[in-house]
Structure formats: C-alpha cells, structure tokens
$ cat model27.cif   # mmCIF, C-alpha atoms
data_coords
#
loop_
_atom_site.label_atom_id
_atom_site.label_comp_id
_atom_site.auth_asym_id
_atom_site.auth_seq_id
_atom_site.Cartn_x
_atom_site.Cartn_y
_atom_site.Cartn_z
CA MET X 1 14.11 -15.54 13.08
CA GLU X 2 17.32 -16.06 11.11
CA LEU X 3 17.75 -15.32 7.42
CA ASN X 4 18.07 -19.03 6.66
CA THR X 5 14.57 -19.51 8.12
CA TRP X 6 12.47 -16.59 6.97
CA LEU X 7 13.81 -16.49 3.41
CA PRO X 8 12.72 -20.06 2.61
CA PHE X 9 9.53 -19.48 4.62
CA GLY X 10 8.84 -16.54 2.30
CA SER X 11 9.48 -18.80 -0.71
CA PHE X 12 7.04 -21.33 0.76
CA ILE X 13 4.29 -18.73 1.19
CA ILE X 14 4.78 -17.18 -2.27
CA SER X 15 4.90 -20.61 -3.92
CA PHE X 16 1.68 -21.82 -2.34
CA VAL X 17 -0.14 -18.56 -3.07
CA PHE X 18 1.07 -18.81 -6.67
CA ALA X 19 0.16 -22.52 -6.90
CA THR X 20 -3.36 -21.74 -5.66
CA PHE X 21 -3.63 -18.88 -8.14
CA ILE X 22 -2.60 -21.07 -11.08
CA PHE X 23 -4.76 -24.00 -9.98
CA ARG X 24 -7.83 -21.76 -9.81
CA ARG X 25 -7.01 -20.59 -13.31
CA TYR X 26 -6.69 -24.24 -14.36
CA LEU X 27 -10.17 -25.00 -12.96
CA GLU X 28 -11.59 -22.06 -14.93
CA ARG X 29 -9.78 -22.56 -18.23
CA ARG X 30 -8.28 -26.05 -18.17
CA GLY X 31 -4.96 -26.45 -19.98
CA ARG X 32 -2.49 -29.02 -18.72
CA HIS X 33 0.34 -26.49 -18.59
CA LEU X 34 -1.53 -24.74 -15.76
CA LEU X 35 -2.01 -27.99 -13.87
CA LEU X 36 1.68 -28.91 -14.18
CA TRP X 37 2.83 -25.43 -13.20
CA SER X 38 0.65 -25.55 -10.12
CA ILE X 39 2.11 -28.97 -9.21
CA GLY X 40 5.60 -27.57 -9.79
CA MET X 41 4.91 -24.59 -7.54
CA VAL X 42 3.60 -26.90 -4.80
CA PHE X 43 6.94 -28.75 -5.04
CA TYR X 44 8.71 -25.37 -4.85
CA GLY X 45 6.73 -24.58 -1.70
CA ILE X 46 7.48 -27.95 -0.11
CA GLY X 47 11.18 -27.28 -0.70
CA GLY X 48 10.90 -23.86 0.94
CA PHE X 49 8.97 -25.24 3.91
CA CYS X 50 11.56 -27.96 4.52
CA GLU X 51 14.39 -25.40 4.38
CA ALA X 52 12.57 -23.14 6.85
CA HIS X 53 11.92 -26.15 9.11
CA TYR X 54 15.63 -26.99 9.07
CA GLY X 55 16.52 -23.36 9.88
CA ALA X 56 14.04 -23.23 12.78
CA PHE X 57 14.24 -26.72 14.26
CA GLY X 58 17.39 -28.34 12.88
CA TRP X 59 17.91 -31.77 11.38
CA ASN X 60 15.01 -34.10 10.64
CA ALA X 61 15.53 -37.03 8.28
CA LEU X 62 11.97 -37.02 6.88
CA VAL X 63 12.10 -33.27 6.22
CA PHE X 64 15.48 -33.66 4.56
CA ARG X 65 14.22 -36.42 2.26
CA LEU X 66 11.15 -34.37 1.32
CA TRP X 67 13.36 -31.37 0.62
CA TYR X 68 15.77 -33.32 -1.53
CA LEU X 69 13.04 -35.06 -3.53
CA PHE X 70 10.74 -32.08 -4.15
CA GLY X 71 13.03 -29.07 -3.71
CA ALA X 72 16.25 -30.32 -5.27
CA ILE X 73 15.23 -33.00 -7.79
CA LEU X 74 11.66 -32.51 -9.03
CA VAL X 75 10.67 -28.85 -8.93
CA ALA X 76 12.40 -27.54 -12.08
CA ALA X 77 11.45 -30.57 -14.16
CA TRP X 78 7.73 -30.37 -13.29
CA LEU X 79 7.60 -26.62 -13.88
CA GLY X 80 9.40 -27.15 -17.17
CA GLN X 81 6.94 -29.89 -18.10
CA GLY X 82 4.17 -27.29 -17.96
CA THR X 83 6.03 -25.22 -20.54
CA VAL X 84 6.49 -28.33 -22.71
CA TYR X 85 2.68 -28.46 -23.07
CA LEU X 86 2.74 -24.94 -24.49
CA LEU X 87 5.51 -25.56 -27.00
CA ALA X 88 5.36 -29.24 -28.03
CA ARG X 89 2.69 -31.41 -29.60
CA ARG X 90 0.19 -32.73 -27.06
CA LYS X 91 1.11 -36.35 -27.81
CA TRP X 92 4.82 -35.74 -27.15
CA ALA X 93 4.09 -33.73 -24.06
CA ASN X 94 1.94 -36.59 -22.70
CA TRP X 95 4.73 -39.11 -23.31
CA LEU X 96 7.26 -36.87 -21.61
CA THR X 97 4.90 -36.39 -18.65
CA ALA X 98 4.59 -40.17 -18.29
CA LEU X 99 8.38 -40.48 -18.44
CA LEU X 100 8.79 -37.69 -15.89
CA ALA X 101 6.25 -39.35 -13.57
CA LEU X 102 8.15 -42.65 -13.77
CA GLY X 103 11.46 -40.87 -13.19
CA SER X 104 9.94 -39.05 -10.21
CA LEU X 105 8.77 -42.36 -8.70
CA TYR X 106 12.27 -43.73 -9.16
CA GLY X 107 13.65 -40.61 -7.46
CA LEU X 108 11.22 -41.08 -4.57
CA VAL X 109 12.36 -44.67 -4.04
CA ARG X 110 16.05 -43.71 -4.21
CA VAL X 111 15.76 -40.68 -1.92
CA PHE X 112 13.66 -42.45 0.71
CA GLY X 113 15.93 -45.47 0.60
CA ALA X 114 19.16 -43.47 0.86
CA GLU X 115 21.47 -43.53 3.83
CA LEU X 116 21.92 -40.09 5.40
CA ASP X 117 24.59 -38.46 7.52
CA PRO X 118 23.71 -34.87 8.59
CA ASP X 119 27.26 -34.26 9.83
CA LEU X 120 28.39 -34.16 6.20
CA MET X 121 26.39 -30.94 5.59
CA THR X 122 28.58 -28.95 7.92
CA THR X 123 31.88 -29.88 6.38
CA SER X 124 34.16 -27.26 4.87
CA VAL X 125 32.72 -27.77 1.40
CA HIS X 126 29.37 -26.26 2.36
CA THR X 127 28.11 -23.17 4.14
CA GLY X 128 26.66 -25.12 7.05
CA SER X 129 23.58 -22.89 7.28
CA GLU X 130 21.58 -24.47 4.46
CA LEU X 131 20.32 -27.90 3.55
CA SER X 132 22.64 -29.70 1.16
CA GLY X 133 22.75 -32.96 -0.74
CA HIS X 134 26.05 -33.66 1.03
CA ALA X 135 24.06 -35.46 3.70
CA ILE X 136 23.23 -38.28 1.27
CA VAL X 137 25.73 -41.08 1.68
CA THR X 138 24.31 -43.64 -0.77
CA SER X 139 26.03 -43.33 -4.14
CA GLY X 140 24.10 -42.52 -7.30
CA VAL X 141 21.23 -40.64 -5.64
CA ARG X 142 22.71 -37.18 -6.09
CA MET X 143 23.39 -37.94 -9.75
CA LEU X 144 19.64 -37.70 -10.33
CA THR X 145 19.57 -33.98 -9.49
CA PRO X 146 21.53 -32.57 -12.46
CA MET X 147 19.65 -34.85 -14.87
CA PHE X 148 16.22 -33.63 -13.75
CA ASN X 149 17.46 -30.05 -13.50
CA LEU X 150 18.95 -30.15 -16.98
CA TYR X 151 15.58 -31.14 -18.42
CA GLY X 152 13.78 -28.60 -16.26
CA THR X 153 16.13 -25.76 -17.13
CA VAL X 154 16.01 -26.39 -20.85
CA ALA X 155 12.22 -26.67 -20.80
CA LEU X 156 11.34 -23.85 -18.39
CA VAL X 157 14.04 -21.25 -19.02
CA GLY X 158 14.56 -22.16 -22.67
CA GLY X 159 10.80 -22.29 -23.27
CA ALA X 160 10.19 -18.90 -21.67
CA ALA X 161 13.12 -17.30 -23.54
CA TRP X 162 11.98 -18.86 -26.81
CA SER X 163 8.43 -17.59 -26.33
CA ALA X 164 9.74 -14.09 -25.54
CA TRP X 165 11.87 -14.21 -28.70
CA ILE X 166 8.89 -15.26 -30.87
CA PHE X 167 6.67 -12.48 -29.50
CA TRP X 168 9.45 -9.91 -29.82
CA ARG X 169 10.27 -10.91 -33.42
CA LYS X 170 6.62 -10.47 -34.39
CA ARG X 171 6.31 -7.38 -32.17
CA ILE X 172 3.09 -8.68 -30.68
CA LEU X 173 1.77 -9.14 -27.14
CA LEU X 174 4.35 -7.05 -25.29
CA HIS X 175 2.98 -8.24 -21.95
CA ARG X 176 3.82 -11.83 -22.86
CA THR X 177 7.30 -10.87 -24.01
CA LEU X 178 8.00 -9.13 -20.70
CA GLY X 179 6.32 -11.86 -18.64
CA ASN X 180 8.38 -14.58 -20.29
CA LEU X 181 11.60 -12.63 -19.74
CA LEU X 182 10.78 -12.38 -16.02
CA ILE X 183 9.97 -16.09 -15.86
CA ALA X 184 13.21 -17.01 -17.63
CA VAL X 185 15.32 -14.94 -15.24
CA GLY X 186 13.37 -16.07 -12.18
CA ALA X 187 13.70 -19.73 -13.11
CA MET X 188 17.48 -19.42 -13.36
CA LEU X 189 17.99 -17.75 -9.99
CA PRO X 190 17.65 -20.85 -7.76
CA ALA X 191 20.19 -22.69 -9.92
CA PHE X 192 22.66 -19.81 -9.69
CA GLY X 193 21.94 -19.50 -5.97
CA GLY X 194 22.77 -23.18 -5.62
CA ALA X 195 26.03 -22.71 -7.51
CA PHE X 196 27.07 -19.81 -5.25
CA SER X 197 26.02 -21.81 -2.22
CA ARG X 198 28.28 -24.67 -3.34
CA ALA X 199 31.06 -22.12 -3.66
CA GLY X 200 30.56 -21.23 0.01
CA THR X 201 28.28 -18.16 -0.07
CA ALA X 202 25.92 -18.48 2.90
CA ASN X 203 22.20 -18.33 2.10
CA ALA X 204 22.83 -17.88 -1.64
CA LEU X 205 20.53 -20.79 -2.45
CA TYR X 206 17.71 -19.42 -0.31
CA ILE X 207 18.08 -15.90 -1.73
CA GLY X 208 18.01 -17.32 -5.27
CA GLU X 209 14.92 -19.37 -4.50
CA PHE X 210 13.08 -16.48 -2.86
CA LEU X 211 13.81 -14.02 -5.68
CA GLY X 212 13.11 -16.76 -8.20
CA ALA X 213 9.63 -17.38 -6.76
CA VAL X 214 8.90 -13.63 -6.76
CA LEU X 215 10.05 -13.16 -10.37
CA ILE X 216 8.26 -16.24 -11.72
CA PHE X 217 5.03 -15.12 -10.04
CA ALA X 218 5.49 -11.56 -11.32
CA GLY X 219 6.26 -12.91 -14.80
CA PHE X 220 3.13 -15.03 -14.82
CA LEU X 221 0.99 -12.06 -13.74
CA ARG X 222 2.64 -9.85 -16.37
CA ALA X 223 2.20 -12.45 -19.12
CA THR X 224 -1.48 -12.91 -18.32
CA THR X 225 -2.35 -9.22 -17.97
CA PRO X 226 -2.49 -7.31 -21.27
CA ILE X 227 -0.94 -3.85 -21.33
CA LYS X 228 -3.45 -1.11 -22.09
CA GLU X 229 -2.62 0.85 -25.24
CA MET U 1 2.44 7.84 -54.32
CA SER U 2 0.97 4.64 -55.76
CA ASP U 3 -1.99 2.73 -54.39
CA GLN U 4 0.34 -0.11 -53.45
CA ASP U 5 2.44 2.21 -51.26
CA ASN U 6 -0.68 3.44 -49.51
CA HIS U 7 -1.65 -0.12 -48.56
CA THR U 8 1.75 -1.18 -47.18
CA PRO U 9 1.15 -1.80 -43.47
CA PRO U 10 3.52 0.03 -41.13
CA LYS U 11 6.13 -2.18 -39.45
CA ARG U 12 5.01 -3.19 -36.00
CA GLN U 13 7.07 -1.67 -33.21
CA TYR U 14 7.15 -1.96 -29.44
CA PRO U 15 7.56 1.28 -27.47
CA PRO U 16 11.15 2.58 -27.96
CA LEU U 17 12.32 1.58 -24.49
CA TYR U 18 11.31 -2.05 -25.05
CA GLU U 19 12.72 -2.07 -28.59
CA LYS U 20 16.12 -1.61 -26.94
CA LEU U 21 15.66 -3.53 -23.70
CA VAL U 22 14.10 -6.76 -24.96
CA PRO U 23 16.95 -7.88 -27.26
CA ILE U 24 19.54 -6.96 -24.60
CA ALA U 25 17.61 -8.99 -22.00
CA LEU U 26 17.30 -11.92 -24.41
CA GLY U 27 21.04 -11.83 -25.08
CA ILE U 28 21.85 -11.80 -21.37
CA ILE U 29 19.42 -14.67 -20.73
CA LEU U 30 20.96 -16.70 -23.55
CA ALA U 31 24.44 -16.17 -22.07
CA LEU U 32 23.17 -17.14 -18.60
CA ILE U 33 21.50 -20.28 -19.96
CA ILE U 34 24.82 -21.36 -21.47
CA VAL U 35 26.64 -20.72 -18.16
CA LEU U 36 23.91 -22.58 -16.28
CA LEU U 37 24.07 -25.58 -18.60
CA LEU U 38 27.86 -25.69 -18.15
CA ILE U 39 27.39 -25.66 -14.36
CA ILE U 40 24.79 -28.45 -14.55
CA PHE U 41 27.01 -30.55 -16.83
CA GLY U 42 29.94 -29.87 -14.52
CA ALA U 43 27.88 -30.99 -11.53
CA ALA U 44 26.77 -34.12 -13.40
CA LEU U 45 30.39 -34.95 -14.20
CA GLY U 46 31.39 -34.35 -10.58
CA LEU U 47 33.63 -31.38 -11.35
CA PHE U 48 32.24 -29.42 -8.40
CA PRO U 49 32.84 -30.71 -4.90
CA GLY U 50 29.37 -29.89 -3.62
CA SER U 51 27.24 -30.93 -6.56
CA GLY U 52 23.68 -31.97 -5.71
#

$ encode --input "model27.cif" --output "structure tokens"
Amino acid sequence: MELNTWLPFGSFIISFVFATFIFRRYLERRGRHLLLWSIGMVFYGIGGFCEAHYGAFGWNALVFRLWYLFGAILVAAWLGQGTVYLLARRKWANWLTALLALGSLYGLVRVFGAELDPDLMTTSVHTGSELSGHAIVTSGVRMLTPMFNLYGTVALVGGAAWSAWIFWRKRILLHRTLGNLLIAVGAMLPAFGGAFSRAGTANALYIGEFLGAVLIFAGFLRATTPIKE
Amino acid sequence: MSDQDNHTPPKRQYPPLYEKLVPIALGIILALIIVLLLIIFGAALGLFPGSG
C-alpha cells in the first residue's frame, strides 16, 4: 500500500475511533460541544476515507464530491463550532450553528452540482498523488473552502489557544493547558499540510491530516485526564 | 512577621518545566495562527495557484 493510501486510511481510523469516544462521552455527560466535535471528527474520517479510496482505486466522482464537501469544506468549521459552545453564550452558539448548517447545505448543493475534470488534478500546479480541488471546474465552488476554514481555524485553533492562555494565566488545571496546546497545534497541521501540498510537496496534506488527528485526539485525552499531584 | 503576611496565599505555579514551555508554545502557536490566517486570506483572494 502506498503512502498516499495508508496515511489517509490511518486518519480515517483515528478519526472514527475518536468520534466514537467523544460521542460516548456526549451520551454520558451531554454538552453540545461534544456532539459537534464528534460530528466534526466523523467529517474528518470521511475525508480520510475518500483520500484512501482515491489512493487505492483512483478517480471516482462521488468519492471526490464527498471528500471535497466533508474533508475540505466542512470539517474545520464543525470542529470549531464545538469550541464555540465552550466559549460563547449558548444563544449565540445556537445561532451560529444554524448559520453553519445552512452554509453546509449550500455547500452540499454547490459541490454536488459542480462540474468536475479529474485531469486537472495532475497538472503541474499539484503533486498529482493527492486529491485536490483543482478538479472542480465550476466557478465559485472553491471559494467556499477558505471561508469555512477561516471560521473553523479561528474558532478551533483560536479557542484552544485562548483556553490554554486562560488556564496558564491562572496557573490552574495544567492538564487542560497542555491538552489545549496539543489541540491547537494539531488543528493547524492539516491547513499547513495543504499549503505545502499546494506548493508541490507530495503527501504533505495527508501527513498533516494524519498528525493532526493524532495530536487532536491526544490533546483531548490530555485535557480530560487530570494530572496526579 | 504580621498576621496579614502569614495569610498571603503563595502565588500559584506550574512545575518549572511547564512555566517555561507553556508561554513559548503559546507564542509559537500565535505566530502560526497569524501565518495560517494570511495563507487562508491569500487563498481566498486567489493569490495561490492551487487554492482550495
């Protein structure tokens, strides 16, 4: 199995294990942040599965559309929305969730209605070994990605870093400080992987996603497990 | 020593290693967030050939 298959397959497995873990915690404790994080990690896993499918079996239009919708557009925003529930007033968080759901439906319609050309993924501007939004021919669809990712990055990475800062300033709950630092770093890795991938580094996106899933999971476990004195 | 001094709570501290590492990590993360936001804005503005 090639690197561009097993790396995203690893991300898929980790994401679904993590999503199951968080969802079980949600069933025990409730808390909408847990529900949204588990949804976000399912999206992360779908993205990984589609990438692995492409690596193993090649082009498939349905798999590409699923990858672009869940893996490229929605994952960061839905994970970030979970963090919004921890940091913002419930009423605001609910409004933003409704807005995000509407935006996600719009994204679904645009992505599934887009014209595709897989030959465009293997042009000189991309590595050729990974899935890429280049395959989308219809204009305006790819513009959705940075908008959703901007919101997701600010909410997820900014929220985790902000929480770490608050705990560190008060010198309380060291496990949460460390956990949030890991989550912040892990959440940034797929975005940086994507940037390196665009610059032509083969498998950078998949490496970033795999390490990102590992670090976010590790950060969550660290943040939820108090350190013994 | 006065009574007041005796009742002053000691300043909370993390273990020494984390007292040094946490602010450094936060600084690096802040710098990376800024770089990341610039990349996202650049992608949104179409400055990178492969954005999206």

$ interface_residues --input "model27.cif" --of "chain U" --to "chain X" --cutoff "10 Å" --atoms "all atoms listed in the file" --output "PyMOL selection string"
chain U and resi 11-15+18-19+21-23+25-30+32-33+35-37+39-46+48-52

$ residues_around --input "model27.cif" --residues "Gly219 in chain X" --least-positions-apart "2" --cutoff "7 Å" --atoms "all atoms listed in the file" --output "VMD selection string"
chain X and resid 179 to 180 182 to 183 215 to 217 221 to 223

$ residues_around --input "model27.cif" --residues "range 203-214 of chain X" --least-positions-apart "2" --cutoff "7 Å" --atoms "only C-alpha atoms" --output "PyMOL selection string"
chain X and resi 4+7-8+10-11+14-15+130+186-187+189-190+192-194+196-197+201+216-218

$ decode --input "model27.cif" --residues "range 31-50 of chain X" --atoms "N, CA and C atoms" --output "mmCIF file, in the first residue's frame"
data_model
loop_
_atom_site.group_PDB
_atom_site.id
_atom_site.type_symbol
_atom_site.label_atom_id
_atom_site.label_comp_id
_atom_site.auth_asym_id
_atom_site.auth_seq_id
_atom_site.Cartn_x
_atom_site.Cartn_y
_atom_site.Cartn_z
ATOM 1 N N GLY X 31 -23.805 18.027 26.627
ATOM 2 C CA GLY X 31 -22.866 19.083 26.240
ATOM 3 C C GLY X 31 -22.752 19.122 24.737
ATOM 4 N N ARG X 32 -23.286 20.198 24.145
ATOM 5 C CA ARG X 32 -23.341 20.237 22.675
ATOM 6 C C ARG X 32 -21.962 20.296 22.039
ATOM 7 N N HIS X 33 -20.966 20.804 22.782
ATOM 8 C CA HIS X 33 -19.620 20.847 22.202
ATOM 9 C C HIS X 33 -19.148 19.436 21.869
ATOM 10 N N LEU X 34 -19.505 18.472 22.714
ATOM 11 C CA LEU X 34 -19.097 17.082 22.463
ATOM 12 C C LEU X 34 -19.790 16.522 21.226
ATOM 13 N N LEU X 35 -21.080 16.855 21.082
ATOM 14 C CA LEU X 35 -21.818 16.380 19.915
ATOM 15 C C LEU X 35 -21.215 16.948 18.624
ATOM 16 N N LEU X 36 -20.927 18.260 18.653
ATOM 17 C CA LEU X 36 -20.385 18.898 17.438
ATOM 18 C C LEU X 36 -18.972 18.409 17.127
ATOM 19 N N TRP X 37 -18.173 18.191 18.168
ATOM 20 C CA TRP X 37 -16.834 17.642 17.924
ATOM 21 C C TRP X 37 -16.928 16.250 17.314
ATOM 22 N N SER X 38 -17.875 15.459 17.819
ATOM 23 C CA SER X 38 -17.977 14.100 17.254
ATOM 24 C C SER X 38 -18.438 14.166 15.796
ATOM 25 N N ILE X 39 -19.349 15.086 15.481
ATOM 26 C CA ILE X 39 -19.759 15.266 14.077
ATOM 27 C C ILE X 39 -18.545 15.697 13.244
ATOM 28 N N GLY X 40 -17.787 16.651 13.773
ATOM 29 C CA GLY X 40 -16.596 17.140 13.065
ATOM 30 C C GLY X 40 -15.591 16.030 12.817
ATOM 31 N N MET X 41 -15.417 15.147 13.799
ATOM 32 C CA MET X 41 -14.446 14.063 13.608
ATOM 33 C C MET X 41 -14.967 13.008 12.627
ATOM 34 N N VAL X 42 -16.286 12.847 12.544
ATOM 35 C CA VAL X 42 -16.845 11.956 11.515
ATOM 36 C C VAL X 42 -16.531 12.541 10.133
ATOM 37 N N PHE X 43 -16.689 13.862 10.000
ATOM 38 C CA PHE X 43 -16.351 14.523 8.725
ATOM 39 C C PHE X 43 -14.859 14.322 8.402
ATOM 40 N N TYR X 44 -14.024 14.450 9.431
ATOM 41 C CA TYR X 44 -12.572 14.246 9.282
ATOM 42 C C TYR X 44 -12.319 12.835 8.742
ATOM 43 N N GLY X 45 -13.023 11.873 9.331
ATOM 44 C CA GLY X 45 -12.860 10.478 8.923
ATOM 45 C C GLY X 45 -13.344 10.232 7.496
ATOM 46 N N ILE X 46 -14.462 10.870 7.134
ATOM 47 C CA ILE X 46 -14.970 10.711 5.761
ATOM 48 C C ILE X 46 -13.915 11.235 4.773
ATOM 49 N N GLY X 47 -13.330 12.376 5.115
ATOM 50 C CA GLY X 47 -12.278 12.941 4.262
ATOM 51 C C GLY X 47 -11.126 11.960 4.096
ATOM 52 N N GLY X 48 -10.678 11.381 5.201
ATOM 53 C CA GLY X 48 -9.574 10.419 5.164
ATOM 54 C C GLY X 48 -9.928 9.189 4.339
ATOM 55 N N PHE X 49 -11.157 8.698 4.522
ATOM 56 C CA PHE X 49 -11.585 7.506 3.779
ATOM 57 C C PHE X 49 -11.574 7.772 2.272
ATOM 58 N N CYS X 50 -12.089 8.943 1.890
ATOM 59 C CA CYS X 50 -12.146 9.282 0.460
ATOM 60 C C CYS X 50 -10.741 9.398 -0.127
#
